[in-house]
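*Asks:* For reference, the file target_4.cif (mmCIF, C-alpha atoms) is included below:
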```
data_my_file
#
loop_
_atom_site.group_PDB
_atom_site.id
_atom_site.type_symbol
_atom_site.label_atom_id
_atom_site.label_comp_id
_atom_site.auth_asym_id
_atom_site.auth_seq_id
_atom_site.Cartn_x
_atom_site.Cartn_y
_atom_site.Cartn_z
ATOM 1 C CA MET A 292 -2.297 -20.342 3.220
ATOM 2 C CA ASN A 293 0.135 -20.659 6.139
ATOM 3 C CA SER A 294 1.126 -17.878 8.560
ATOM 4 C CA ARG A 295 4.476 -17.264 6.805
ATOM 5 C CA GLU A 296 2.651 -16.504 3.550
ATOM 6 C CA LEU A 297 0.386 -14.035 5.363
ATOM 7 C CA ARG A 298 3.348 -12.172 6.894
ATOM 8 C CA GLU A 299 5.431 -11.880 3.749
ATOM 9 C CA PRO A 300 3.998 -10.775 0.397
ATOM 10 C CA PRO A 301 5.341 -12.590 -2.656
ATOM 11 C CA VAL A 302 8.583 -11.470 -4.247
ATOM 12 C CA CYS A 303 8.656 -10.542 -7.930
ATOM 13 C CA THR A 304 11.442 -12.214 -9.835
ATOM 14 C CA ALA A 305 10.986 -10.334 -13.128
ATOM 15 C CA ARG A 306 9.095 -7.422 -14.695
ATOM 16 C CA THR A 307 5.998 -9.578 -15.075
ATOM 17 C CA ALA A 308 6.319 -12.882 -13.296
ATOM 18 C CA SER A 309 4.649 -15.331 -10.981
ATOM 19 C CA PRO A 310 5.272 -14.494 -7.346
ATOM 20 C CA VAL A 311 7.354 -16.746 -5.136
ATOM 21 C CA SER A 312 7.256 -16.886 -1.364
ATOM 22 C CA ARG A 313 10.318 -16.526 0.837
ATOM 23 C CA GLU A 314 11.243 -19.828 2.386
ATOM 24 C CA PRO A 315 13.919 -20.550 5.021
ATOM 25 C CA HIS A 316 17.535 -20.661 3.832
ATOM 26 C CA GLY A 317 16.794 -18.668 0.661
ATOM 27 C CA ALA A 318 14.796 -21.426 -1.080
ATOM 28 C CA ARG A 319 11.892 -20.242 -3.239
ATOM 29 C CA ALA A 320 8.629 -22.013 -3.914
ATOM 30 C CA ALA A 321 5.619 -21.049 -6.020
ATOM 31 C CA VAL A 322 2.799 -19.569 -3.969
ATOM 32 C CA HIS A 323 -0.100 -20.034 -6.371
ATOM 33 C CA PRO A 324 -0.075 -21.068 -10.014
ATOM 34 C CA ALA A 325 -2.473 -18.247 -10.923
ATOM 35 C CA GLY A 326 -0.437 -15.661 -8.962
ATOM 36 C CA ARG A 327 0.740 -12.653 -10.911
ATOM 37 C CA CYS A 328 3.243 -9.862 -10.397
ATOM 38 C CA ARG A 329 4.178 -6.770 -12.409
ATOM 39 C CA ARG A 330 6.953 -4.290 -11.646
ATOM 40 C CA ILE A 331 7.152 -0.873 -13.332
ATOM 41 C CA GLY A 332 10.148 1.478 -13.142
ATOM 42 C CA LEU A 333 9.630 5.250 -13.349
ATOM 43 C CA ALA A 334 11.779 8.397 -13.181
ATOM 44 C CA ALA A 335 11.549 10.117 -9.780
ATOM 45 C CA GLY A 336 11.870 13.677 -11.059
ATOM 46 C CA ALA A 337 9.392 13.409 -13.929
ATOM 47 C CA PRO A 338 5.794 14.580 -13.388
ATOM 48 C CA GLU A 339 4.739 12.407 -16.354
ATOM 49 C CA SER A 340 5.614 9.355 -14.211
ATOM 50 C CA VAL A 341 2.231 9.726 -12.472
ATOM 51 C CA GLY A 342 0.277 9.287 -15.720
ATOM 52 C CA ALA A 343 2.553 6.476 -16.888
ATOM 53 C CA ALA A 344 1.998 4.605 -13.600
ATOM 54 C CA ARG A 345 -1.757 5.123 -13.804
ATOM 55 C CA ARG A 346 -1.918 3.784 -17.383
ATOM 56 C CA ALA A 347 0.325 0.781 -16.638
ATOM 57 C CA VAL A 348 -1.687 -0.166 -13.552
ATOM 58 C CA ALA A 349 -5.009 0.130 -15.414
ATOM 59 C CA GLU A 350 -3.682 -2.017 -18.299
ATOM 60 C CA THR A 351 -2.361 -4.631 -15.882
ATOM 61 C CA LEU A 352 -5.629 -4.855 -13.957
ATOM 62 C CA ARG A 353 -7.572 -5.234 -17.219
ATOM 63 C CA ALA A 354 -5.219 -8.007 -18.368
ATOM 64 C CA TRP A 355 -5.645 -9.762 -15.015
ATOM 65 C CA HIS A 356 -9.472 -9.415 -15.190
ATOM 66 C CA LEU A 357 -9.487 -7.136 -12.134
ATOM 67 C CA SER A 358 -11.057 -4.117 -13.850
ATOM 68 C CA PRO A 359 -13.522 -3.487 -10.985
ATOM 69 C CA LEU A 360 -10.519 -2.477 -8.854
ATOM 70 C CA ALA A 361 -9.093 -0.110 -11.461
ATOM 71 C CA ASP A 362 -10.612 3.156 -10.191
ATOM 72 C CA ASP A 363 -9.476 2.694 -6.571
ATOM 73 C CA VAL A 364 -6.043 1.267 -7.391
ATOM 74 C CA THR A 365 -5.213 3.842 -10.080
ATOM 75 C CA LEU A 366 -6.200 6.680 -7.748
ATOM 76 C CA CYS A 367 -3.975 5.215 -5.020
ATOM 77 C CA VAL A 368 -1.033 4.788 -7.409
ATOM 78 C CA SER A 369 -1.544 8.370 -8.645
ATOM 79 C CA GLU A 370 -1.359 9.742 -5.112
ATOM 80 C CA LEU A 371 1.613 7.612 -4.047
ATOM 81 C CA VAL A 372 3.656 8.165 -7.221
ATOM 82 C CA GLY A 373 2.796 11.881 -7.072
ATOM 83 C CA ASN A 374 4.190 11.985 -3.523
ATOM 84 C CA ALA A 375 7.324 10.155 -4.650
ATOM 85 C CA VAL A 376 7.824 12.512 -7.611
ATOM 86 C CA GLU A 377 7.485 15.503 -5.297
ATOM 87 C CA HIS A 378 9.428 14.288 -2.272
ATOM 88 C CA ALA A 379 11.926 11.660 -3.480
ATOM 89 C CA ALA A 380 13.346 13.374 -6.568
ATOM 90 C CA PRO A 381 16.812 14.895 -6.259
ATOM 91 C CA ARG A 382 16.531 18.652 -5.783
ATOM 92 C CA ALA A 383 18.672 21.445 -7.161
ATOM 93 C CA GLY A 384 20.975 22.569 -4.360
ATOM 94 C CA SER A 385 20.623 19.269 -2.494
ATOM 95 C CA PRO A 386 23.810 17.753 -1.056
ATOM 96 C CA GLY A 387 26.168 16.479 -3.703
ATOM 97 C CA PRO A 388 27.063 12.878 -4.315
ATOM 98 C CA GLY A 389 28.214 10.880 -1.373
ATOM 99 C CA PRO A 390 30.608 7.925 -1.392
ATOM 100 C CA GLY A 391 30.429 6.014 -4.657
ATOM 101 C CA GLY A 392 28.822 8.990 -6.434
ATOM 102 C CA HIS A 393 25.381 8.433 -4.915
ATOM 103 C CA PRO A 394 23.399 11.065 -3.003
ATOM 104 C CA PRO A 395 23.486 10.549 0.769
ATOM 105 C CA GLY A 396 20.727 8.287 2.094
ATOM 106 C CA ALA A 397 19.340 7.438 -1.322
ATOM 107 C CA GLY A 398 21.193 4.182 -1.838
ATOM 108 C CA GLY A 399 21.903 5.391 -5.364
ATOM 109 C CA HIS A 400 18.258 5.033 -6.404
ATOM 110 C CA HIS A 401 16.380 8.016 -7.807
ATOM 111 C CA GLY A 402 13.762 5.902 -9.516
ATOM 112 C CA ILE A 403 10.271 5.042 -8.422
ATOM 113 C CA GLY A 404 9.132 1.436 -8.467
ATOM 114 C CA VAL A 405 5.505 0.379 -8.732
ATOM 115 C CA THR A 406 4.747 -3.287 -8.093
ATOM 116 C CA LEU A 407 1.408 -5.079 -8.310
ATOM 117 C CA ARG A 408 1.052 -8.554 -6.804
ATOM 118 C CA VAL A 409 -2.021 -10.766 -6.778
ATOM 119 C CA TRP A 410 -2.625 -13.476 -4.266
ATOM 120 C CA PRO A 411 -5.801 -15.552 -4.241
ATOM 121 C CA GLU A 412 -7.494 -13.174 -1.774
ATOM 122 C CA TRP A 413 -5.605 -9.875 -2.187
ATOM 123 C CA LEU A 414 -4.089 -7.378 -4.568
ATOM 124 C CA PHE A 415 -0.995 -5.611 -3.233
ATOM 125 C CA LEU A 416 0.256 -2.279 -4.548
ATOM 126 C CA GLU A 417 3.797 -1.222 -3.611
ATOM 127 C CA VAL A 418 5.338 2.143 -4.473
ATOM 128 C CA SER A 419 9.027 2.454 -3.623
ATOM 129 C CA ASP A 420 11.331 5.458 -3.820
ATOM 130 C CA GLY A 421 14.769 6.605 -2.655
ATOM 131 C CA ASP A 422 13.539 8.920 0.110
ATOM 132 C CA PRO A 423 14.014 7.259 3.527
ATOM 133 C CA ARG A 424 11.568 9.616 5.290
ATOM 134 C CA PRO A 425 8.262 8.001 6.294
ATOM 135 C CA PRO A 426 5.048 9.166 4.642
ATOM 136 C CA VAL A 427 3.303 11.776 6.771
ATOM 137 C CA PRO A 428 -0.455 11.238 7.049
ATOM 138 C CA PRO A 429 -2.725 14.260 7.404
ATOM 139 C CA ALA A 430 -2.854 15.767 10.883
ATOM 140 C CA VAL A 431 -6.630 16.148 10.896
ATOM 141 C CA ALA A 432 -8.268 12.978 12.199
ATOM 142 C CA CYS A 433 -11.762 13.417 10.825
ATOM 143 C CA THR A 434 -13.754 12.540 7.740
ATOM 144 C CA PRO A 435 -13.961 14.922 4.762
ATOM 145 C CA HIS A 436 -17.582 15.676 5.763
ATOM 146 C CA ASP A 437 -16.378 16.843 9.200
ATOM 147 C CA LEU A 438 -13.625 19.122 7.859
ATOM 148 C CA PRO A 439 -15.703 22.308 7.504
ATOM 149 C CA ALA A 440 -16.878 21.975 11.130
ATOM 150 C CA ALA A 441 -13.369 21.077 12.335
ATOM 151 C CA LEU A 442 -11.855 24.093 10.589
ATOM 152 C CA PRO A 443 -14.540 26.821 10.634
ATOM 153 C CA GLY A 444 -13.647 29.794 8.464
ATOM 154 C CA PHE A 445 -10.410 28.127 7.393
ATOM 155 C CA PRO A 446 -10.050 27.247 3.704
ATOM 156 C CA LEU A 447 -9.248 23.627 2.933
ATOM 157 C CA ALA A 448 -5.592 22.973 2.304
ATOM 158 C CA ASP A 449 -4.387 22.421 -1.250
ATOM 159 C CA ARG A 450 -2.152 19.620 -0.046
ATOM 160 C CA GLY A 451 -2.096 16.726 2.390
ATOM 161 C CA ARG A 452 -5.174 14.800 1.327
ATOM 162 C CA GLY A 453 -3.451 12.099 -0.757
ATOM 163 C CA LEU A 454 -2.573 9.693 2.058
ATOM 164 C CA PHE A 455 -6.053 10.169 3.512
ATOM 165 C CA ILE A 456 -7.540 9.161 0.141
ATOM 166 C CA VAL A 457 -5.199 6.151 -0.105
ATOM 167 C CA GLY A 458 -6.072 5.048 3.435
ATOM 168 C CA THR A 459 -9.778 5.359 2.659
ATOM 169 C CA LEU A 460 -9.703 3.378 -0.609
ATOM 170 C CA ALA A 461 -7.310 0.570 0.363
ATOM 171 C CA ASP A 462 -8.239 -2.108 2.891
ATOM 172 C CA ALA A 463 -4.852 -1.733 4.584
ATOM 173 C CA THR A 464 -1.822 0.551 4.174
ATOM 174 C CA TRP A 465 1.662 0.527 5.675
ATOM 175 C CA TRP A 466 5.230 1.479 4.857
ATOM 176 C CA ALA A 467 8.666 -0.034 5.443
ATOM 177 C CA PRO A 468 12.258 1.138 4.971
ATOM 178 C CA ARG A 469 14.182 -0.550 2.138
ATOM 179 C CA ALA A 470 17.490 -2.289 2.819
ATOM 180 C CA ARG A 471 19.345 -0.272 0.158
ATOM 181 C CA GLY A 472 17.812 3.036 1.237
ATOM 182 C CA GLY A 473 14.480 4.641 0.636
ATOM 183 C CA LYS A 474 11.118 3.207 1.524
ATOM 184 C CA SER A 475 8.142 1.296 0.186
ATOM 185 C CA VAL A 476 4.504 2.213 0.766
ATOM 186 C CA PHE A 477 2.062 -0.693 0.513
ATOM 187 C CA CYS A 478 -1.690 -0.939 -0.071
ATOM 188 C CA ARG A 479 -3.753 -4.097 0.221
ATOM 189 C CA PHE A 480 -7.059 -4.504 -1.585
ATOM 190 C CA ASP A 481 -9.217 -7.420 -0.422
ATOM 191 C CA LEU A 482 -10.571 -9.251 -3.460
ATOM 192 C CA HIS A 483 -13.329 -11.155 -1.640
ATOM 193 C CA ASP A 484 -14.969 -7.866 -0.457
ATOM 194 C CA ARG A 485 -15.137 -6.453 -3.989
ATOM 195 C CA ALA A 486 -16.965 -7.562 -7.119
ATOM 196 C CA VAL A 487 -14.038 -9.070 -9.029
#
```
What do you get writing this file as structure tokens?
*Replies:*
Amino acid sequence: MNSRELREPPVCTARTASPVSREPHGARAAVHPAGRCRRIGLAAGAPESVGAARRAVAETLRAWHLSPLADDVTLCVSELVGNAVEHAAPRAGSPGPGPGGHPPGAGGHHGIGVTLRVWPEWLFLEVSDGDPRPPVPPAVACTPHDLPAALPGFPLADRGRGLFIVGTLADATWWAPRARGGKSVFCRFDLHDRAV
């Protein structure tokens, strides 16, 4: 694999397709004949989107013979889609449509996208939404076992643990703004470190 392939994950060209790498001048070339990609579209304001994403990801991993990853990846997709449902959905009383009838800053997209990509050594999970604000990791920089000592007499928060869980389960996480508005949050799962 060359350095360009390591910097840029494959691009999906269809709902379920083989990935292609980005080449100079817009040319596309196959990355790996066994490479796979699946894109799922969900409604941003629908709480049932979390369960639908979880089921679709589990089915996809089974079909790709990556079932050993299913628990970690489905928990990560649950947390990330749950965040998108809560934070990226249009709210009652939010600013009205902007130019072209789209809400300001949303690029006209109120959906949530979930994309799975497999490379020979990695599985990538991407969750995209129309909210341009970056994900906010938990402020406490300690392990769950240290929390009671770090917060004596203070009950654990009901919220804010999702990104900590995602960061613990995935081998790498990051986010990036999307060109048409919103953002994508990425997780990488190393296949060679797991029994797949």
*Asks:* Counting only C-alpha atoms, which of A:Val418, A:Ala344, A:Ala334, A:Val364 gets nearest to Leu460 of chain A?
*Replies:*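 Under the stated criterion, the closest residue is A:Val364.
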*Asks:* Report the residues retrieved by the PyMOL selection byres ((chain A and resi 362) around 12) from the displayed file, expressed as an MDAnalysis selection string.
*Replies:* chainID A and resid 345:346 348:350 352:353 357:361 363:369 457 460:461
*Asks:* Quick one: residues within 12 Å of Gly402 of chain A, only C-alpha atoms counted, chain neighbours fewer than 3 positions away excluded, as number ranges by chain?
*Replies:* A: 331-337, 340, 372, 375-376, 378-381, 397-399, 405, 418-422, 472-474
*Asks:* To one decimal place in Å, what is the distance between atom CA of Arg424 of chain A and atom CA of Thr351 of chain A?
*Replies:*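 Separating atom CA of Arg424 of chain A from atom CA of Thr351 of chain A is a distance of 29.1 Å.
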*Asks:* Put the listed atoms of segment 468-477 of chain A in a box along x, y and z with 8 Å added on every side and give me the centre and edge lengths in Å to one decimal, as AutoDock Vina command-line options.
*Replies:*
```
--center_x 10.7 --center_y 1.2 --center_z 2.6 --size_x 33.3 --size_y 22.9 --size_z 20.8
```
*Asks:* What is the distance, in Å and to one decimal place, between atom CA of Asp481 of chain A and atom CA of Leu407 of chain A?
*Replies:*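 If I compute the distance from atom CA of Asp481 of chain A to atom CA of Leu407 of chain A, I get 13.4 Å.
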*Asks:* Any idea what the distance is between atom CA of Phe477 of chain A and atom CA of Trp465 of chain A?
*Replies:*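 Distance between the two atoms: 5.3 Å.
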*Asks:* For Pro425 of chain A, which residue out of A:Arg479, A:Leu454, A:Trp355, A:Trp413 is the nearest one, using all atoms listed in the file?
*Replies:*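 Using all atoms listed in the file, Pro425 of chain A sits closest to A:Leu454.
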*Asks:* Looking at A:Glu370, A:Ile403, A:Ala470, A:Ser475, which one is nearest to Gly458 of chain A, with distances taken over only C-alpha atoms?
*Replies:*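 When distances to Gly458 of chain A are compared using only C-alpha atoms, the smallest one comes from A:Glu370.
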